[in-house]
Amino acid sequence: MNQNEIAVSMKIPELKCVESRTKNKRFHYSRFTLSSLRKGQANTIGSAIRRVLPGEVEGTCITRAKFHNISNEYSVIIGIEESIHEILMNLKEIVLRSDAYRIREGSIHVVGPKKVTAQDIMLPPSVRTIDTTQHIANINKSITLDISLQIEKGRGYIIQNPNNYNPKDEIFAIDVAFVFPIDAAFAPVQNVNYSTHSYWSENETQEILFLEIWTNGGLAPKEALYEASWNLIDFFLPFLNAKEENSDGTNSLSDDITPSLPILHISTNMKRIAFDQMYIDQLNFSTRIYNCLKKANINTVSDLLNYNREDLMKIKHLGEQSIKEILEFIRNIQIDSPGNPV
């Protein structure tokens with residue numbers, strides 16, 4: 001193999017977005033190309049990413065709605081054109097975006113006559129509506145529509161099980177209030193398509209992967225591809241660290257074969273990037289610790305890893321016990337924080 005052939009074989013594939021368009025706030029489309037790939041690689045990559053994009057990319061939606069003095073979802077409220085069931089179906093279609101993983105609460109409090117849209121939903125700061133024009137209900141009389149909402153972030157499509165549901169749910173228990181579950185359509189990726197193209201170049205067959213992604217606006221196609229790629233990498237990390245043991249307890253893979261140092265290096269990089277995307281409200285800290293950290297502009301685990309004991313002691317209202325709890329959490333992560341020893 002000559003120098004030119006070595007250069008070709010070692011060339012890193014390049015990802016390009018060759019087309020991107022937005023039909024409306026709930027229809028985003030992008031087309032990507034990945035080249036140059038060796039023969040067979042395009043189909044391998046395309047098939048894997050095609051499976052991960054629809055089911056493993058997270059989205060946010062409304063999962064429960066609470067109405068006052070309503071006995072069942074097929075009830076009709078005088079003065080509102082839609083039945084409760086139709087309002088629930090409209091709430092299911094609302095597209096939201098959130099970076100937080102805790103269950104959030106929203107609400108609708110509207111006095112008619114009025115056309116109720118997604119713009120009328122009162123949301124916490126960590127959640128926003130993608131399309132404020134989405135229809136919810138039409139109120140044609142001077143009555144009040146009052147709905148409490150539960151908002152969650154998750155993956156895929158979850159059908160609520162009526163057998164595990166109590167209409168007088170304790171989560172929202174006040175007076176006579178009935179909570180109705182809404183099937184969760186979390187997936188922001190609506191459709192994925194890929195194709196491959198082969199061509200002859202530099203004395204070998206090379207391939208191009210064409211990837212098309214459609215989303216509902218909860219994530220841009222490029223964001224969805226980024227998240228899906230990291231999820232796919234996470235799936236294979238256990239294989240990188242796998243060591244098969246014989247029946248006598250000895251390791252069947254010799255030290256000469258098992259590249260422990262490179263694997264550790266890769267695993268550490270994966271953790272560092274994951275911590276950039278892990279927010280402190282996903283952790284089991286108390287509300288007091290959470291509020292103190294937020295006021296200090298500490299939003300992610302990566303931000304937190306930059307703080308040592310002295311730095312934490314400078315944060316207002318953060319007591320000694322809270323500092324000990326935070327430092328214990330950092331120790332348990334088992335990852336170095338350069339230049340900031342605990």
# chains A, B, ... in the order shown; residues from 1 in each chain; ligands from 1

call {"tool": "residues_around", "arguments": {"residues": "region 151-157 of chain A", "least_positions_apart": "6", "cutoff": "7 Å", "atoms": "only C-alpha atoms", "output": "NGL selection string"}}
result
:A and (55-63 or 101 or 103-105 or 184-187)

call {"tool": "write_last_selection", "arguments": {"atoms": "C-alpha atoms", "output": "PDB file, in the first residue's frame"}}
result
ATOM      1  CA  GLY A  55     -37.114   5.704  20.049  1.00  0.00           C
ATOM      2  CA  GLU A  56     -34.143   7.010  22.039  1.00  0.00           C
ATOM      3  CA  VAL A  57     -34.295  10.781  21.525  1.00  0.00           C
ATOM      4  CA  GLU A  58     -36.110  12.465  24.404  1.00  0.00           C
ATOM      5  CA  GLY A  59     -39.064  14.812  24.176  1.00  0.00           C
ATOM      6  CA  THR A  60     -41.464  16.634  26.504  1.00  0.00           C
ATOM      7  CA  CYS A  61     -45.250  16.404  26.618  1.00  0.00           C
ATOM      8  CA  ILE A  62     -48.341  16.686  28.827  1.00  0.00           C
ATOM      9  CA  THR A  63     -49.096  13.374  30.568  1.00  0.00           C
ATOM     10  CA  TYR A 101     -36.141  15.903  33.994  1.00  0.00           C
ATOM     11  CA  ILE A 103     -42.116  16.289  36.692  1.00  0.00           C
ATOM     12  CA  ARG A 104     -43.299  19.823  36.049  1.00  0.00           C
ATOM     13  CA  GLU A 105     -46.715  21.407  36.500  1.00  0.00           C
ATOM     14  CA  ALA A 184     -47.392  10.214  26.169  1.00  0.00           C
ATOM     15  CA  ALA A 185     -46.017  10.876  22.680  1.00  0.00           C
ATOM     16  CA  PHE A 186     -42.528  11.950  23.745  1.00  0.00           C
ATOM     17  CA  ALA A 187     -40.635  11.302  20.486  1.00  0.00           C
TER      18      ALA A 187
END

call {"tool": "closest_atom_pairs", "arguments": {"of": "region 89-182 of chain A", "to": "region 207-224 of chain A", "cutoff": "12 Å", "atoms": "only C-alpha atoms", "output": "CSV"}}
result
residue,atom,partner,partner_atom,distance
A:Glu93,CA,A:Asn216,CA,10.1
A:Ile94,CA,A:Gly218,CA,10.0
A:Val95,CA,A:Gly218,CA,6.2
A:Leu96,CA,A:Gly218,CA,6.0
A:Arg97,CA,A:Gly218,CA,5.3
A:Ser98,CA,A:Gly218,CA,8.6
A:Asp99,CA,A:Gly218,CA,11.0
A:Val127,CA,A:Gly218,CA,10.9
A:Arg128,CA,A:Gly218,CA,9.6
A:Thr129,CA,A:Gly218,CA,8.7
A:Ile130,CA,A:Gly217,CA,6.5
A:Asp131,CA,A:Gly217,CA,8.5
A:Lys153,CA,A:Gly218,CA,11.2

call {"tool": "residues_around", "arguments": {"residues": "region 73-77 of chain A", "least_positions_apart": "4", "cutoff": "10 Å", "atoms": "only C-alpha atoms", "output": "ChimeraX atom specification"}}
result
/A:67,81-88,139,143,145,178-181

call {"tool": "select_by_dssp", "arguments": {"residues": "region 99-152 of chain A", "states": "strand (DSSP E)", "output": "PyMOL selection string"}}
result
chain A and resi 104-111+114-117+121-122+127-129+135-139+144-152

call {"tool": "select_by_dssp", "arguments": {"residues": "region 55-218 of chain A", "states": "alpha helix (DSSP H)", "output": "PyMOL selection string"}}
result
chain A and resi 55-56+84-92

call {"tool": "closest_residue", "arguments": {"among": "A:Asn284, A:Ser148, A:Asn24, A:Thr196", "to": "Thr44 (chain A)", "atoms": "only C-alpha atoms"}}
result
A:Thr196

call {"tool": "atom_distance", "arguments": {"atom1": "CA of Ser107 (chain A)", "atom2": "CA of Pro125 (chain A)"}}
result
13.1 Å
